[in-house]
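Quick look at model34.pdb (PDB, C-alpha atoms, pLDDT in the B column):
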```pdb
ATOM      1  CA  MET U   1      24.463 -17.383 -21.444  1.00 97.00           C
ATOM      2  CA  LYS U   2      26.006 -15.716 -18.407  1.00 98.00           C
ATOM      3  CA  ILE U   3      23.734 -16.621 -15.510  1.00 98.00           C
ATOM      4  CA  GLY U   4      23.899 -15.419 -11.936  1.00 98.00           C
ATOM      5  CA  ILE U   5      22.357 -17.483  -9.148  1.00 98.00           C
ATOM      6  CA  ILE U   6      21.623 -15.874  -5.805  1.00 98.00           C
ATOM      7  CA  GLY U   7      21.236 -18.606  -3.221  1.00 98.00           C
ATOM      8  CA  SER U   8      22.975 -21.959  -2.886  1.00 97.00           C
ATOM      9  CA  GLY U   9      20.220 -23.963  -1.228  1.00 96.00           C
ATOM     10  CA  ASN U  10      18.178 -26.766  -2.784  1.00 97.00           C
ATOM     11  CA  ILE U  11      16.914 -24.925  -5.854  1.00 98.00           C
ATOM     12  CA  GLY U  12      19.899 -22.585  -6.312  1.00 98.00           C
ATOM     13  CA  GLY U  13      22.404 -25.401  -5.991  1.00 98.00           C
ATOM     14  CA  THR U  14      20.423 -27.666  -8.291  1.00 98.00           C
ATOM     15  CA  LEU U  15      20.138 -24.990 -10.975  1.00 98.00           C
ATOM     16  CA  ALA U  16      23.876 -24.335 -10.710  1.00 98.00           C
ATOM     17  CA  ARG U  17      24.544 -28.016 -11.390  1.00 98.00           C
ATOM     18  CA  ARG U  18      22.057 -28.304 -14.244  1.00 98.00           C
ATOM     19  CA  LEU U  19      22.917 -25.017 -15.962  1.00 98.00           C
ATOM     20  CA  CYS U  20      26.659 -25.627 -15.813  1.00 98.00           C
ATOM     21  CA  ALA U  21      26.076 -29.051 -17.343  1.00 98.00           C
ATOM     22  CA  LEU U  22      24.270 -27.327 -20.226  1.00 98.00           C
ATOM     23  CA  GLY U  23      27.332 -25.159 -20.830  1.00 98.00           C
ATOM     24  CA  HIS U  24      26.172 -21.874 -19.328  1.00 98.00           C
ATOM     25  CA  ASP U  25      28.625 -19.542 -17.596  1.00 98.00           C
ATOM     26  CA  VAL U  26      27.282 -19.582 -14.041  1.00 98.00           C
ATOM     27  CA  THR U  27      28.287 -17.426 -11.095  1.00 98.00           C
ATOM     28  CA  ILE U  28      26.716 -18.331  -7.759  1.00 98.00           C
ATOM     29  CA  THR U  29      26.577 -16.270  -4.604  1.00 98.00           C
ATOM     30  CA  ASN U  30      25.070 -16.522  -1.131  1.00 97.00           C
ATOM     31  CA  SER U  31      24.919 -14.571   2.104  1.00 96.00           C
ATOM     32  CA  ARG U  32      27.884 -16.435   3.606  1.00 96.00           C
ATOM     33  CA  GLY U  33      30.435 -15.343   1.013  1.00 96.00           C
ATOM     34  CA  PRO U  34      32.311 -16.980  -1.886  1.00 97.00           C
ATOM     35  CA  GLN U  35      34.552 -19.056   0.385  1.00 97.00           C
ATOM     36  CA  SER U  36      31.504 -21.029   1.535  1.00 97.00           C
ATOM     37  CA  LEU U  37      30.833 -22.069  -2.069  1.00 98.00           C
ATOM     38  CA  THR U  38      34.227 -23.607  -2.868  1.00 97.00           C
ATOM     39  CA  ASP U  39      32.972 -27.199  -2.879  1.00 97.00           C
ATOM     40  CA  LEU U  40      29.934 -26.409  -5.049  1.00 97.00           C
ATOM     41  CA  ALA U  41      32.088 -24.437  -7.484  1.00 98.00           C
ATOM     42  CA  GLN U  42      34.571 -27.294  -7.777  1.00 97.00           C
ATOM     43  CA  GLU U  43      31.784 -29.823  -8.274  1.00 96.00           C
ATOM     44  CA  THR U  44      29.886 -27.871 -10.919  1.00 96.00           C
ATOM     45  CA  GLY U  45      32.366 -25.596 -12.649  1.00 97.00           C
ATOM     46  CA  ALA U  46      30.430 -22.541 -11.518  1.00 98.00           C
ATOM     47  CA  THR U  47      32.238 -19.473 -10.274  1.00 98.00           C
ATOM     48  CA  ALA U  48      31.778 -18.531  -6.613  1.00 98.00           C
ATOM     49  CA  GLY U  49      31.424 -14.775  -6.329  1.00 98.00           C
ATOM     50  CA  THR U  50      29.935 -11.776  -4.602  1.00 98.00           C
ATOM     51  CA  LEU U  51      26.427 -10.529  -5.284  1.00 98.00           C
ATOM     52  CA  GLU U  52      27.875  -7.944  -7.676  1.00 98.00           C
ATOM     53  CA  ASP U  53      29.902 -10.622  -9.469  1.00 98.00           C
ATOM     54  CA  ALA U  54      26.773 -12.709  -9.999  1.00 98.00           C
ATOM     55  CA  VAL U  55      24.520  -9.931 -11.243  1.00 98.00           C
ATOM     56  CA  GLN U  56      26.491  -7.233 -13.062  1.00 96.00           C
ATOM     57  CA  ASP U  57      27.298  -8.978 -16.357  1.00 96.00           C
ATOM     58  CA  ALA U  58      24.593 -11.646 -16.266  1.00 98.00           C
ATOM     59  CA  GLY U  59      22.039 -12.042 -19.015  1.00 98.00           C
ATOM     60  CA  LEU U  60      19.736 -13.712 -16.508  1.00 98.00           C
ATOM     61  CA  VAL U  61      19.687 -13.849 -12.713  1.00 98.00           C
ATOM     62  CA  VAL U  62      17.969 -16.495 -10.587  1.00 98.00           C
ATOM     63  CA  VAL U  63      16.849 -15.440  -7.100  1.00 98.00           C
ATOM     64  CA  ALA U  64      16.475 -18.510  -4.876  1.00 98.00           C
ATOM     65  CA  ILE U  65      16.715 -17.217  -1.307  1.00 98.00           C
ATOM     66  CA  PRO U  66      14.304 -16.978   1.612  1.00 97.00           C
ATOM     67  CA  LEU U  67      11.683 -14.433   0.610  1.00 97.00           C
ATOM     68  CA  PHE U  68      12.354 -12.166   3.580  1.00 97.00           C
ATOM     69  CA  ALA U  69      15.928 -11.660   2.318  1.00 97.00           C
ATOM     70  CA  VAL U  70      14.732 -10.089  -0.957  1.00 98.00           C
ATOM     71  CA  THR U  71      14.425  -6.738   0.803  1.00 96.00           C
ATOM     72  CA  GLN U  72      18.191  -6.842   1.467  1.00 97.00           C
ATOM     73  CA  LEU U  73      19.022  -6.936  -2.260  1.00 98.00           C
ATOM     74  CA  PRO U  74      20.087  -3.573  -3.774  1.00 98.00           C
ATOM     75  CA  ALA U  75      17.375  -2.916  -6.362  1.00 97.00           C
ATOM     76  CA  GLU U  76      19.558  -0.742  -8.583  1.00 98.00           C
ATOM     77  CA  LEU U  77      21.879  -3.678  -9.273  1.00 98.00           C
ATOM     78  CA  PHE U  78      19.014  -5.515 -10.999  1.00 98.00           C
ATOM     79  CA  ASP U  79      17.793  -2.677 -13.202  1.00 98.00           C
ATOM     80  CA  GLY U  80      16.946  -4.042 -16.652  1.00 98.00           C
ATOM     81  CA  LYS U  81      17.915  -7.619 -15.752  1.00 98.00           C
ATOM     82  CA  VAL U  82      15.809 -10.686 -16.464  1.00 98.00           C
ATOM     83  CA  VAL U  83      15.258 -11.993 -12.940  1.00 98.00           C
ATOM     84  CA  VAL U  84      13.836 -15.462 -12.324  1.00 98.00           C
ATOM     85  CA  ASP U  85      11.956 -15.504  -9.029  1.00 98.00           C
ATOM     86  CA  ALA U  86      12.157 -19.083  -7.765  1.00 98.00           C
ATOM     87  CA  ASN U  87      10.969 -18.141  -4.269  1.00 98.00           C
ATOM     88  CA  ASN U  88       7.921 -19.023  -2.217  1.00 98.00           C
ATOM     89  CA  TYR U  89       6.417 -17.299   0.791  1.00 98.00           C
ATOM     90  CA  TYR U  90       6.409 -19.475   3.900  1.00 97.00           C
ATOM     91  CA  PRO U  91       5.079 -17.448   6.866  1.00 97.00           C
ATOM     92  CA  GLN U  92       6.765 -19.706   9.446  1.00 97.00           C
ATOM     93  CA  ARG U  93      10.158 -18.846   7.892  1.00 97.00           C
ATOM     94  CA  ASP U  94       9.612 -15.416   6.345  1.00 97.00           C
ATOM     95  CA  GLY U  95       7.484 -13.836   9.049  1.00 97.00           C
ATOM     96  CA  ASP U  96       4.236 -11.927   8.745  1.00 96.00           C
ATOM     97  CA  ILE U  97       4.079  -9.941   5.505  1.00 96.00           C
ATOM     98  CA  ALA U  98       0.611  -8.430   5.539  1.00 95.00           C
ATOM     99  CA  GLU U  99      -0.039  -8.190   1.796  1.00 94.00           C
ATOM    100  CA  LEU U 100       1.073 -11.803   1.299  1.00 96.00           C
ATOM    101  CA  ILE U 101      -0.897 -13.173   4.227  1.00 94.00           C
ATOM    102  CA  ASP U 102      -4.104 -11.559   2.947  1.00 92.00           C
ATOM    103  CA  ARG U 103      -3.100 -12.474  -0.630  1.00 91.00           C
ATOM    104  CA  SER U 104      -3.631  -8.955  -1.931  1.00 95.00           C
ATOM    105  CA  LEU U 105      -0.293  -9.439  -3.734  1.00 97.00           C
ATOM    106  CA  SER U 106       1.348 -12.472  -5.286  1.00 98.00           C
ATOM    107  CA  SER U 107       4.772 -13.111  -3.793  1.00 98.00           C
ATOM    108  CA  SER U 108       6.369 -12.382  -7.182  1.00 98.00           C
ATOM    109  CA  ARG U 109       4.602  -9.024  -7.449  1.00 98.00           C
ATOM    110  CA  TRP U 110       5.905  -8.257  -3.970  1.00 98.00           C
ATOM    111  CA  THR U 111       9.416  -9.211  -5.137  1.00 98.00           C
ATOM    112  CA  ALA U 112       9.090  -7.135  -8.303  1.00 98.00           C
ATOM    113  CA  ASP U 113       7.994  -4.154  -6.225  1.00 98.00           C
ATOM    114  CA  HIS U 114      11.277  -4.406  -4.304  1.00 97.00           C
ATOM    115  CA  LEU U 115      13.381  -4.900  -7.435  1.00 98.00           C
ATOM    116  CA  LYS U 116      12.064  -1.920  -9.376  1.00 96.00           C
ATOM    117  CA  GLY U 117      13.349  -1.967 -12.935  1.00 96.00           C
ATOM    118  CA  ALA U 118      13.978  -5.721 -13.013  1.00 98.00           C
ATOM    119  CA  ARG U 119      12.150  -7.901 -15.530  1.00 98.00           C
ATOM    120  CA  VAL U 120      10.815 -10.447 -13.051  1.00 98.00           C
ATOM    121  CA  VAL U 121       9.603 -13.873 -14.184  1.00 99.00           C
ATOM    122  CA  LYS U 122       8.206 -16.512 -11.820  1.00 98.00           C
ATOM    123  CA  ALA U 123       9.544 -20.032 -12.429  1.00 99.00           C
ATOM    124  CA  PHE U 124      11.059 -23.088 -10.718  1.00 98.00           C
ATOM    125  CA  ASN U 125       9.136 -22.416  -7.494  1.00 98.00           C
ATOM    126  CA  ASN U 126       6.711 -25.332  -7.739  1.00 98.00           C
ATOM    127  CA  ILE U 127       9.047 -28.281  -8.375  1.00 98.00           C
ATOM    128  CA  GLN U 128      11.043 -30.263  -5.832  1.00 98.00           C
ATOM    129  CA  ALA U 129      14.794 -29.788  -6.205  1.00 98.00           C
ATOM    130  CA  ARG U 130      15.410 -33.525  -6.591  1.00 98.00           C
ATOM    131  CA  HIS U 131      12.926 -33.704  -9.458  1.00 98.00           C
ATOM    132  CA  LEU U 132      14.460 -30.608 -11.066  1.00 98.00           C
ATOM    133  CA  MET U 133      17.801 -32.391 -10.925  1.00 98.00           C
ATOM    134  CA  ASP U 134      16.764 -35.845 -12.130  1.00 98.00           C
ATOM    135  CA  ASN U 135      13.440 -35.748 -13.969  1.00 98.00           C
ATOM    136  CA  GLY U 136      14.039 -33.592 -17.032  1.00 98.00           C
ATOM    137  CA  HIS U 137      13.436 -35.266 -20.415  1.00 98.00           C
ATOM    138  CA  PRO U 138      13.768 -34.287 -24.080  1.00 97.00           C
ATOM    139  CA  ALA U 139      10.932 -32.396 -25.740  1.00 97.00           C
ATOM    140  CA  GLY U 140       8.171 -34.703 -26.890  1.00 97.00           C
ATOM    141  CA  SER U 141       8.815 -37.332 -24.216  1.00 97.00           C
ATOM    142  CA  PRO U 142       5.571 -38.907 -22.927  1.00 95.00           C
ATOM    143  CA  GLY U 143       4.570 -37.506 -19.540  1.00 94.00           C
ATOM    144  CA  ARG U 144       7.226 -34.770 -19.625  1.00 98.00           C
ATOM    145  CA  ILE U 145       6.856 -32.617 -16.514  1.00 98.00           C
ATOM    146  CA  ALA U 146       5.677 -29.074 -17.213  1.00 98.00           C
ATOM    147  CA  LEU U 147       6.580 -25.945 -15.278  1.00 98.00           C
ATOM    148  CA  PRO U 148       4.461 -22.779 -15.129  1.00 99.00           C
ATOM    149  CA  VAL U 149       6.191 -19.528 -16.084  1.00 99.00           C
ATOM    150  CA  ALA U 150       4.559 -16.187 -15.211  1.00 98.00           C
ATOM    151  CA  GLY U 151       5.632 -12.637 -15.988  1.00 98.00           C
ATOM    152  CA  ASP U 152       4.658  -9.268 -17.437  1.00 98.00           C
ATOM    153  CA  ASP U 153       7.561  -8.885 -19.880  1.00 98.00           C
ATOM    154  CA  ALA U 154       6.891 -11.123 -22.903  1.00 98.00           C
ATOM    155  CA  GLU U 155      10.519 -11.159 -24.064  1.00 98.00           C
ATOM    156  CA  ALA U 156      11.864 -11.993 -20.608  1.00 98.00           C
ATOM    157  CA  LYS U 157       9.239 -14.703 -20.207  1.00 98.00           C
ATOM    158  CA  GLN U 158      10.281 -16.239 -23.533  1.00 98.00           C
ATOM    159  CA  VAL U 159      13.932 -16.357 -22.435  1.00 98.00           C
ATOM    160  CA  VAL U 160      12.934 -18.216 -19.271  1.00 98.00           C
ATOM    161  CA  MET U 161      10.591 -20.579 -21.118  1.00 98.00           C
ATOM    162  CA  GLN U 162      13.436 -21.526 -23.471  1.00 98.00           C
ATOM    163  CA  LEU U 163      15.624 -22.246 -20.456  1.00 98.00           C
ATOM    164  CA  VAL U 164      12.908 -24.422 -18.895  1.00 98.00           C
ATOM    165  CA  ASP U 165      12.695 -26.407 -22.133  1.00 98.00           C
ATOM    166  CA  ALA U 166      16.490 -26.803 -22.325  1.00 98.00           C
ATOM    167  CA  LEU U 167      16.452 -28.204 -18.777  1.00 98.00           C
ATOM    168  CA  GLY U 168      14.017 -30.903 -19.864  1.00 98.00           C
ATOM    169  CA  PHE U 169      10.597 -29.555 -18.912  1.00 98.00           C
ATOM    170  CA  ASP U 170       7.618 -28.232 -20.861  1.00 98.00           C
ATOM    171  CA  PRO U 171       7.174 -24.494 -20.204  1.00 98.00           C
ATOM    172  CA  VAL U 172       3.570 -23.375 -19.724  1.00 98.00           C
ATOM    173  CA  ASP U 173       2.654 -19.698 -19.928  1.00 98.00           C
ATOM    174  CA  ALA U 174       1.001 -19.006 -16.573  1.00 98.00           C
ATOM    175  CA  GLY U 175       0.030 -15.396 -17.267  1.00 98.00           C
ATOM    176  CA  THR U 176       1.175 -12.238 -15.514  1.00 98.00           C
ATOM    177  CA  LEU U 177       2.980 -11.742 -12.206  1.00 98.00           C
ATOM    178  CA  ASP U 178      -0.347 -10.872 -10.623  1.00 98.00           C
ATOM    179  CA  GLU U 179      -1.638 -14.281 -11.733  1.00 98.00           C
ATOM    180  CA  SER U 180       1.417 -16.131 -10.415  1.00 98.00           C
ATOM    181  CA  TRP U 181      -0.394 -16.874  -7.142  1.00 98.00           C
ATOM    182  CA  ARG U 182      -1.832 -19.793  -9.135  1.00 98.00           C
ATOM    183  CA  GLN U 183       1.541 -21.589  -8.820  1.00 98.00           C
ATOM    184  CA  GLN U 184       2.273 -20.669  -5.196  1.00 98.00           C
ATOM    185  CA  PRO U 185       2.159 -23.171  -2.296  1.00 97.00           C
ATOM    186  CA  ASP U 186      -1.221 -24.807  -1.628  1.00 96.00           C
ATOM    187  CA  THR U 187      -2.308 -24.692  -5.268  1.00 98.00           C
ATOM    188  CA  PRO U 188      -2.947 -27.696  -7.556  1.00 98.00           C
ATOM    189  CA  VAL U 189       0.333 -27.299  -9.488  1.00 98.00           C
ATOM    190  CA  TYR U 190       2.576 -26.895  -6.444  1.00 98.00           C
ATOM    191  CA  GLY U 191       4.863 -29.911  -6.107  1.00 97.00           C
ATOM    192  CA  THR U 192       2.687 -32.173  -8.253  1.00 97.00           C
ATOM    193  CA  ASP U 193       4.799 -32.855 -11.401  1.00 97.00           C
ATOM    194  CA  ARG U 194       1.944 -32.485 -13.897  1.00 98.00           C
ATOM    195  CA  ASP U 195       2.336 -32.552 -17.658  1.00 98.00           C
ATOM    196  CA  ALA U 196       1.471 -29.477 -19.740  1.00 98.00           C
ATOM    197  CA  ALA U 197      -2.246 -30.249 -19.922  1.00 98.00           C
ATOM    198  CA  GLY U 198      -2.300 -30.958 -16.210  1.00 98.00           C
ATOM    199  CA  VAL U 199      -0.520 -27.697 -15.377  1.00 98.00           C
ATOM    200  CA  ARG U 200      -2.981 -25.710 -17.477  1.00 98.00           C
ATOM    201  CA  GLN U 201      -5.876 -27.455 -15.733  1.00 98.00           C
ATOM    202  CA  GLY U 202      -4.308 -26.878 -12.295  1.00 98.00           C
ATOM    203  CA  LEU U 203      -3.729 -23.191 -12.971  1.00 98.00           C
ATOM    204  CA  ALA U 204      -7.355 -22.814 -14.035  1.00 98.00           C
ATOM    205  CA  GLU U 205      -8.621 -24.667 -10.965  1.00 98.00           C
ATOM    206  CA  ALA U 206      -6.559 -22.685  -8.452  1.00 97.00           C
ATOM    207  CA  ARG U 207      -8.576 -20.612  -5.996  1.00 93.00           C
ATOM    208  CA  PRO U 208      -7.402 -17.574  -3.972  1.00 86.00           C
TER     209      PRO U 208
END
```
Could you show the structure in this file as structure tokens?
Amino acid sequence: MKIGIIGSGNIGGTLARRLCALGHDVTITNSRGPQSLTDLAQETGATAGTLEDAVQDAGLVVVAIPLFAVTQLPAELFDGKVVVDANNYYPQRDGDIAELIDRSLSSSRWTADHLKGARVVKAFNNIQARHLMDNGHPAGSPGRIALPVAGDDAEAKQVVMQLVDALGFDPVDAGTLDESWRQQPDTPVYGTDRDAAGVRQGLAEARP
């Protein structure tokens, strides 16, 4: 698959490494320009490109940038794209966003509202980058870490769940984007490396 990754930080960089190793055609971009990604591209085999390079021909796009920067993305570029939202809202970094502070919106719904026309799926936001890099295991392995996947588009969600499985984790359907607050920071499944049963229990136990 052609995959675009927006953001070269912990999660973006880790996914570039893992997805290239699986044989995907990965283009990665960041706010500092392709020249800042030369080392990562050489290490992984990914292509360093512009935002347009990463998104235009991609079958799937991962957004792994500070949440406040989502508003700087041109929504029309993402129309019809499967977009994996790997972001989290951290007020100390992202500033005061009223509807996220009062939790009237999940952060992924807020992102989807900015990227009108995109098929947004929430995933990879609740696992530490180091564990995403090192702790994947084949399907059926005892204690295999599970990752929640939330979205409104069933087909897009299935694409992402297959990718989660290929990376070595059990995908767990976490419901709609409006329910994705159950995997945000300060919930039972955030950063806790549970198996599939544990993720389902944690999602059910989450409280607004």
Discussion item. Here's the selection I'm unsure about, the PyMOL selection byres ((chain U and resi 177-180) around 6); applied to the file above, which residues does it give, as a list in words?
Written reply: Ser106, Arg109, Ala150, Gly151, Gly175, Thr176, Trp181, Arg182 and Gln183 of chain U
Store the residues picked out above in a file with C-alpha atoms, as a PDB file, keeping the file's coordinate frame.
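The result, written out as again.pdb:
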```
ATOM      1  CA  SER U 106       1.348 -12.472  -5.286  1.00 98.00           C
ATOM      2  CA  ARG U 109       4.602  -9.024  -7.449  1.00 98.00           C
ATOM      3  CA  ALA U 150       4.559 -16.187 -15.211  1.00 98.00           C
ATOM      4  CA  GLY U 151       5.632 -12.637 -15.988  1.00 98.00           C
ATOM      5  CA  GLY U 175       0.030 -15.396 -17.267  1.00 98.00           C
ATOM      6  CA  THR U 176       1.175 -12.238 -15.514  1.00 98.00           C
ATOM      7  CA  TRP U 181      -0.394 -16.874  -7.142  1.00 98.00           C
ATOM      8  CA  ARG U 182      -1.832 -19.793  -9.135  1.00 98.00           C
ATOM      9  CA  GLN U 183       1.541 -21.589  -8.820  1.00 98.00           C
TER      10      GLN U 183
END
```
Discussion item. Need to verify the contact set: Gln162 (chain U), 12 Å, all atoms listed in the file, exclusion of same-chain residues closer than 6 positions in sequence. Can you return it as a list in words?
Written reply: Met1, Ala123, Ala139, Leu147, Val149, Glu155, Ala156, Gly168, Phe169, Asp170, Pro171, Val172 and Asp173 of chain U
Worksheet item: Nearest to Ala86 (chain U) among U:Pro188, U:Pro138, U:Pro66, U:Gly117, with distances taken over only C-alpha atoms: which residue is it?
Response: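 Between U:Pro188, U:Pro138, U:Pro66, U:Gly117, the residue approaching Ala86 (chain U) most closely is U:Pro66.
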Fill in: Chain and number of each residue from the PyMOL selection byres ((chain U and resi 23) around 12), as number ranges by chain
U: 1-3, 16-22, 24-26, 44-46, 166-167
Worksheet item: Care to translate the PyMOL selection byres ((chain U and resi 127) around 8) into actual residues of this file, as an NGL selection string?
Response: :U and (124-126 or 128-129 or 131-132 or 147 or 190-193)
Spatial neighbours of Phe78 (chain U), max dist 12 Å, all atoms listed in the file, sep filter under 5 positions, as a PDB file with C-alpha atoms, keeping the file's coordinate frame:
```pdb
ATOM      1  CA  GLY U   4      23.899 -15.419 -11.936  1.00 98.00           C
ATOM      2  CA  ILE U   6      21.623 -15.874  -5.805  1.00 98.00           C
ATOM      3  CA  LEU U  51      26.427 -10.529  -5.284  1.00 98.00           C
ATOM      4  CA  GLU U  52      27.875  -7.944  -7.676  1.00 98.00           C
ATOM      5  CA  ALA U  54      26.773 -12.709  -9.999  1.00 98.00           C
ATOM      6  CA  VAL U  55      24.520  -9.931 -11.243  1.00 98.00           C
ATOM      7  CA  GLN U  56      26.491  -7.233 -13.062  1.00 96.00           C
ATOM      8  CA  ASP U  57      27.298  -8.978 -16.357  1.00 96.00           C
ATOM      9  CA  ALA U  58      24.593 -11.646 -16.266  1.00 98.00           C
ATOM     10  CA  GLY U  59      22.039 -12.042 -19.015  1.00 98.00           C
ATOM     11  CA  LEU U  60      19.736 -13.712 -16.508  1.00 98.00           C
ATOM     12  CA  VAL U  61      19.687 -13.849 -12.713  1.00 98.00           C
ATOM     13  CA  VAL U  62      17.969 -16.495 -10.587  1.00 98.00           C
ATOM     14  CA  VAL U  63      16.849 -15.440  -7.100  1.00 98.00           C
ATOM     15  CA  VAL U  70      14.732 -10.089  -0.957  1.00 98.00           C
ATOM     16  CA  LEU U  73      19.022  -6.936  -2.260  1.00 98.00           C
ATOM     17  CA  VAL U  83      15.258 -11.993 -12.940  1.00 98.00           C
ATOM     18  CA  VAL U  84      13.836 -15.462 -12.324  1.00 98.00           C
ATOM     19  CA  THR U 111       9.416  -9.211  -5.137  1.00 98.00           C
ATOM     20  CA  ALA U 112       9.090  -7.135  -8.303  1.00 98.00           C
ATOM     21  CA  HIS U 114      11.277  -4.406  -4.304  1.00 97.00           C
ATOM     22  CA  LEU U 115      13.381  -4.900  -7.435  1.00 98.00           C
ATOM     23  CA  LYS U 116      12.064  -1.920  -9.376  1.00 96.00           C
ATOM     24  CA  GLY U 117      13.349  -1.967 -12.935  1.00 96.00           C
ATOM     25  CA  ALA U 118      13.978  -5.721 -13.013  1.00 98.00           C
ATOM     26  CA  ARG U 119      12.150  -7.901 -15.530  1.00 98.00           C
ATOM     27  CA  VAL U 120      10.815 -10.447 -13.051  1.00 98.00           C
TER      28      VAL U 120
END
```
Around all of region 183-195 of chain U's listed atoms, make the axis-aligned box with 4 Å on each side and tell me centre and edge lengths in Å to one decimal, as JSON.
```
{"center_x": 1.0, "center_y": -26.8, "center_z": -9.6, "size_x": 15.8, "size_y": 20.2, "size_z": 24.0}
```
Fill in: Point (13.7, -11.2, 7.4), cut-off 6 Å, counting all atoms listed in the file, residues as number ranges by chain
U: 68-69, 94
Item to complete: Would you mind telling me which residue in U:Glu76, U:Asp113, U:Asp53, U:Glu205 lies nearest to Gly33 (chain U) when using all atoms listed in the file?
Response: U:Asp53
Worksheet item: Which polymer residues have any atom within 10 Å of an atom of Pro208 (chain U), counting all atoms listed in the file, with same-chain residues fewer than 5 positions away left out, as a PyMOL selection string?
Response: chain U and resi 102-104+181-182+186-187
Writer output for current selection, C-alpha atoms, as a compact mmCIF listing (two decimals), in the frame of the given file:
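Output below, filename out.txt:
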```txt
# COMPACT_ATOMS: atom_id res chain seq x y z
CA ASP U 102 -4.10 -11.56 2.95
CA ARG U 103 -3.10 -12.47 -0.63
CA SER U 104 -3.63 -8.96 -1.93
CA TRP U 181 -0.39 -16.87 -7.14
CA ARG U 182 -1.83 -19.79 -9.14
CA ASP U 186 -1.22 -24.81 -1.63
CA THR U 187 -2.31 -24.69 -5.27
```
Worksheet item: Which value, in Å to one decimal, gives the distance between CA of Pro142 (chain U) and CA of Ala197 (chain U)?
Response: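 Atom-to-atom, CA of Pro142 (chain U) to CA of Ala197 (chain U), that is 12.0 Å.
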Fill in: Coordinates-based distance that separates CA of Ile28 (chain U) from CA of Ile97 (chain U) (Å, one decimal)
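Spanning CA of Ile97 (chain U) to CA of Ile28 (chain U) is a straight-line distance of 27.5 Å.
Between CA of Ile101 (chain U) and CA of Asn87 (chain U) lies a distance of 15.4 Å.
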